[in-house]
Structure formats: structure tokens, C-alpha cells
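Peer 1: Dropping the structure in here first, questions after.
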Amino acid sequence: MNFDFSEEQLSLKEEARRFLNSLAPLEGTRTLLAQRGQTRDERVWKGVVAQGWTGAVIPEEYGGLELSYLELCVLAEELGYSLAAIPFASSIYLFAELLILAGSEEQKQKLLPRIADGSAVGTVAFSEGPGGLGIGSLSTLFAGGELRGHKLPVFDATAASHCIVLATSSDGPSLYLVEMQGEGVVIETVETIDPSRECVALTLRGASASPLGEPGQGIVLLEQVLDRAAVLFAFEQVGAADRCLEMATAYVNERYAFGRRIGSYQAIKHKLADVYVKNQLARSSAYFGAWALNGNEAQLSVAASAARIAACDALWQASTENIQVHGGIGYTWESDCHLFFRRGKHLALVIGAAPHWKERLVAGLQNEEAIDGLPR
């Protein structure tokens, strides 16, 4: 079975890389690190919106391009490779997907065209601190049309116009749509290792909210979208890991020590070979995840979990070894190596850490239907 992209999708990948390179996203990422308070690289965001990427998989009836998820995976990989500092993942992988999956026709008509044209940005608030996603961990309460509670971390919230919040109610855990500029919404910026992807603590003090999806189905709906997002985040991580390997390879072929290029030393070769193997394993898992995502297959949960775990592992090793082979300059502010290390740490936590996804993978593999459905 061939999981590779088609010629058209590979052409899209080349064009996306060329376009992002012309916008120099790393410069924008550095600007966000140096000048706190900015929420995104405006040049890149406007360019991405103008290219129609924000509407890639949104149906045409709501102003999108209605492409397949495979095209979105291609774009995700290139955004990871370029390290773009924009709220694309929060708005497209999470918010838009939940809206498409669970939103009413009125909610879709109102918001999806604005997400597609970039005039609105969305995010999702489900975590309330350390711990797994479950009924017992929820303290945010919906009653009388209002939300009260505390969410942490919430990514890209300052840039967002709307947020989908997981909260408990008389019907059980459910999803609710909130306008971020409304009364009762309090945002407090939280310092993280990667300030180029903003993180906040969101406090809801009687914020007006409207239900999204079936009452009591909040966790079920959220887990479906997190599986989809895991595949897309895996492609971002694979793109960033490949960029780290390219940076490391280029440096060891131009840096000399004791009259030899350091890339000629066996220890360096072993490091880069290990990174290459991890990257290839992660790419294989991501491709399987893309196949399951695009076909809405029963194996999506297993495939997404495997892709998420492999991609987290690959980017961690690639970003740390990239710093190592750069030696005395690798850890300095002037080097770009630390930017990928920061982003790797961020992406490894944004939709749950690796242990959570390992538990989901084991649970999926124990399910006979999932095992029987895997390609032989």
C-alpha cells in the first residue's frame, strides 16, 4: 500500500516551502521572542490567509476550498519546517474542526467563512492544569447561559476572537462557544519556553456562552478532533525535525576541527544517522495517520496516537542533537537551534503529553476491531 503524497500534493509542498521562505518566518519568530506582547507574525499570517490555507478543508459552502486532509497535512509540514509563528494550528486544526464536526448550521454560517478568510481566529480551552482529560478533572461550570471557571494552558487566546470551552453542566461535559472580547473573559499571559506560540490562563467569570454540539458529548467530540489534530501536529513536528537535520548536516560539513570537517568524525555521523532514522520512522507513522485521517477510518485513533508519539520523539532528538553538533554556538541566542528546541517542547504538550497518547495507543491496540483493521 502506497501512503505517499500524489504529484499534485508534492507540488503544493514545494510551492508552500518556496512561499514561506520568501516571508522569512524565522525572522518573525525571533521578533516575537524579543518583543513580548505580539501574538503572531503578521506578515506570515496575512500571506497564509491570502493563499487560502486557512480555508483549506473548510467546505466551499462556508467559504473554504474544501481540499482533502492530505493537502492540509502538506501545509502543516511546511509550517513546521519554517517555524511560522502564527495561530494556524489552534484556529484550523482544533477550532474549525470542532465547529465543522459539532456546530449548528447557524454557527457554521456565522463563523466558518470568517475563519476561512482570516477575519476571525479561534482556539480551544479544555485543560485545567496537569492531569488527564476526564469528567473528574473538570471544574469549569456552565449554568444559566454563563461559564465560570479557569482554563490553563490555552494557546493563541490573545489572538483569538472566539473560543470553544469544555465545561460541565447538568447534562455532563459539553462544549460551549465564547466570544473572547465579551464580558467575564479574563486573559493572563503565562511564560513558557516558546513565547512565539502564546500561552495564557483563561478565567471565565460569568461569560456568556452558547452550546456547541450534543449536550453531554463534550469529551467524545473533543477526543475525535484531538485525534485529527494529532496527525496534523505530527506533520508539523516532522517538518521541524527535518529542518533540524538539514541545519546540523550543513553545519558539520562546513565546520573544521583539527584540520578536518567535523562531519567526517564517526561520532558525528552516528548522531546524524540516529536523527535520520527517528525522522523516517516519524514520517512513516505520520503518513499512516494521514491515510486514516483522510479516509475517516476506524484506525484513526491508533494511527493518530502512533504518529503523535513518534513525532514527539523525533523532534526532541533532532532539536537536541542539532544543538549538540553546533557545539559552542548551538545554545546561544544568535543561533537558530534553540528556536526549534523551544517549538519542539511546545508541540509535545499542546494537545497532551506523550504518556497520554501512549495510553490511547495501548487502549486502541487492545481493541480487536482496531487490530483487525490494520493493513497487513
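In the C-alpha cells, the first chain shown is A, the next is B, and so on; residue numbers restart at 1 for each chain, and ligands run from 1 in the order shown.
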Set the distance at 9 Å and use only C-alpha atoms: which residues neighbour A:Gly63 once local chain neighbours fewer than 4 positions away are removed? I'd like the list as number ranges by chain.

Peer 2: A: 55, 58-59, 112-117

Peer 1: Mind checking which residues fall within 12 Å of A:Gly327, counting only C-alpha atoms, ignoring those fewer than 5 positions away in the same chain, and posting them as a VMD selection string?

Peer 2: chain A and resid 248 251 to 252 255 to 257 262 268 320 to 322 332 335 337

Peer 1: So how many Å separate atom CA of A:Trp53 and atom CA of A:Ala310, to one decimal?

Peer 2: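 Going from atom CA of A:Trp53 over to atom CA of A:Ala310 covers 25.9 Å.
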
Peer 1: What's the separation between atom CA of A:Leu75 and atom CA of A:Leu232, in Å to one decimal place?

Peer 2: 9.1 Å

Peer 1: Just the residues within 9 Å of stretch 10-15 of chain A, please, counting only C-alpha atoms, with nothing from its chain fewer than 3 positions along; format it as a list in words.

Peer 2: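 The filter keeps Phe5, Ser6, Glu7, Arg18, Phe19, Leu20, Glu71, Val74, Leu75, Glu77 and Glu78 of chain A.
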
Peer 1: For a test of reading the model, state the distance in Å between atom CA of A:Gly52 and atom CA of A:Ala303, rounded to one decimal.

Peer 2: 27.8 Å

Peer 1: Looking at only C-alpha atoms, which of A:Ala84, A:Val362, A:Leu23, A:Ala102 is the one that sits closest to A:Val302?

Peer 2: A:Val362

Peer 1: Out of stretch 121-370 of chain A, which residues get alpha helix (DSSP H) from DSSP, as a PyMOL selection string?

Peer 2: chain A and resi 218-252+266-295+300-325+337-347+354-365+368-370

Peer 1: Which is closest to A:Arg197 among A:Ala298, A:Leu83, A:Ala314, A:Val225, if we use only C-alpha atoms?

Peer 2: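 Among the listed residues, A:Leu83 lies closest to A:Arg197.
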
Peer 1: Which of stretch 29-135 of chain A counts as strand (DSSP E or B) under DSSP, as an MDAnalysis selection string please?

Peer 2: chainID A and resid 36 38 122:125 128

Peer 1: What lies within 9 Å of A:Thr189 using only C-alpha atoms, ignoring chain neighbours under 3 positions off, as an MDAnalysis selection string?

Peer 2: chainID A and resid 158 198:202

Peer 1: Mind dumping the selected residues with N, CA and C atoms as a JSON list (two decimals), in the first residue's frame?

Peer 2:
```
[["chain", "number", "residue", "atom", "x", "y", "z"],
["A", 158, "THR", "N", -4.96, 35.28, 23.02],
["A", 158, "THR", "CA", -4.98, 36.73, 22.81],
["A", 158, "THR", "C", -5.27, 37.08, 21.36],
["A", 198, "GLU", "N", 1.88, 31.83, 21.84],
["A", 198, "GLU", "CA", 1.38, 32.40, 23.08],
["A", 198, "GLU", "C", 0.57, 31.41, 23.91],
["A", 199, "CYS", "N", 0.76, 31.48, 25.22],
["A", 199, "CYS", "CA", 0.03, 30.64, 26.17],
["A", 199, "CYS", "C", -0.58, 31.55, 27.24],
["A", 200, "VAL", "N", -1.84, 31.29, 27.60],
["A", 200, "VAL", "CA", -2.50, 32.12, 28.61],
["A", 200, "VAL", "C", -3.25, 31.25, 29.60],
["A", 201, "ALA", "N", -3.57, 31.88, 30.73],
["A", 201, "ALA", "CA", -4.53, 31.33, 31.68],
["A", 201, "ALA", "C", -5.85, 32.05, 31.42],
["A", 202, "LEU", "N", -6.89, 31.30, 31.17],
["A", 202, "LEU", "CA", -8.19, 31.87, 30.83],
["A", 202, "LEU", "C", -9.14, 31.71, 32.02]]
```

Peer 1: If you count only C-alpha atoms, which residues fall within 7 Å of stretch 343-360 of chain A, apart from same-chain ones fewer than 6 positions away, as an mmCIF file with N, CA and C atoms, in the first residue's frame?

Peer 2:
```
data_model
loop_
_atom_site.group_PDB
_atom_site.id
_atom_site.type_symbol
_atom_site.label_atom_id
_atom_site.label_comp_id
_atom_site.auth_asym_id
_atom_site.auth_seq_id
_atom_site.Cartn_x
_atom_site.Cartn_y
_atom_site.Cartn_z
ATOM 1 N N ASP A 194 8.415 28.669 24.853
ATOM 2 C CA ASP A 194 8.305 29.148 23.480
ATOM 3 C C ASP A 194 7.323 30.317 23.391
ATOM 4 N N LEU A 226 -9.153 15.862 18.634
ATOM 5 C CA LEU A 226 -7.760 15.730 19.061
ATOM 6 C C LEU A 226 -7.042 14.650 18.269
ATOM 7 N N SER A 305 -2.374 8.246 17.471
ATOM 8 C CA SER A 305 -1.559 8.075 18.671
ATOM 9 C C SER A 305 -0.129 7.694 18.303
ATOM 10 N N ILE A 309 3.234 10.040 19.046
ATOM 11 C CA ILE A 309 4.354 9.566 19.865
ATOM 12 C C ILE A 309 5.664 9.622 19.079
ATOM 13 N N CYS A 312 6.790 13.337 18.398
ATOM 14 C CA CYS A 312 7.350 13.981 19.601
ATOM 15 C C CYS A 312 8.782 13.509 19.846
ATOM 16 N N LEU A 315 11.286 14.932 16.990
ATOM 17 C CA LEU A 315 11.644 16.345 17.088
ATOM 18 C C LEU A 315 12.484 16.620 18.321
ATOM 19 N N TRP A 316 12.213 15.913 19.409
ATOM 20 C CA TRP A 316 13.060 16.096 20.601
ATOM 21 C C TRP A 316 14.505 15.722 20.287
#
```

Peer 1: Determine, counting only C-alpha atoms, which protein, DNA and RNA residues have an atom within 10 Å of an atom of A:Phe288; residues of the same chain fewer than 5 positions away are not included. Present the result as an NGL selection string.

Peer 2: :A and (2-4 or 231 or 282-283 or 293 or 299-300 or 302-304 or 306-307 or 375)

Peer 1: Contacts of A:Glu246 at 12 Å or less, counting only C-alpha atoms, minus same-chain residues fewer than 5 places along, as a PyMOL selection string?

Peer 2: chain A and resi 81+239-241+251-253+272+275-276+279+318-319+321-322+325+337

Peer 1: Just checking: using only C-alpha atoms, which residue out of A:Pro195, A:Gly149, A:Pro25, A:Pro173 ends up closest to A:Gly80?

Peer 2: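 Nearest to A:Gly80: A:Pro25.
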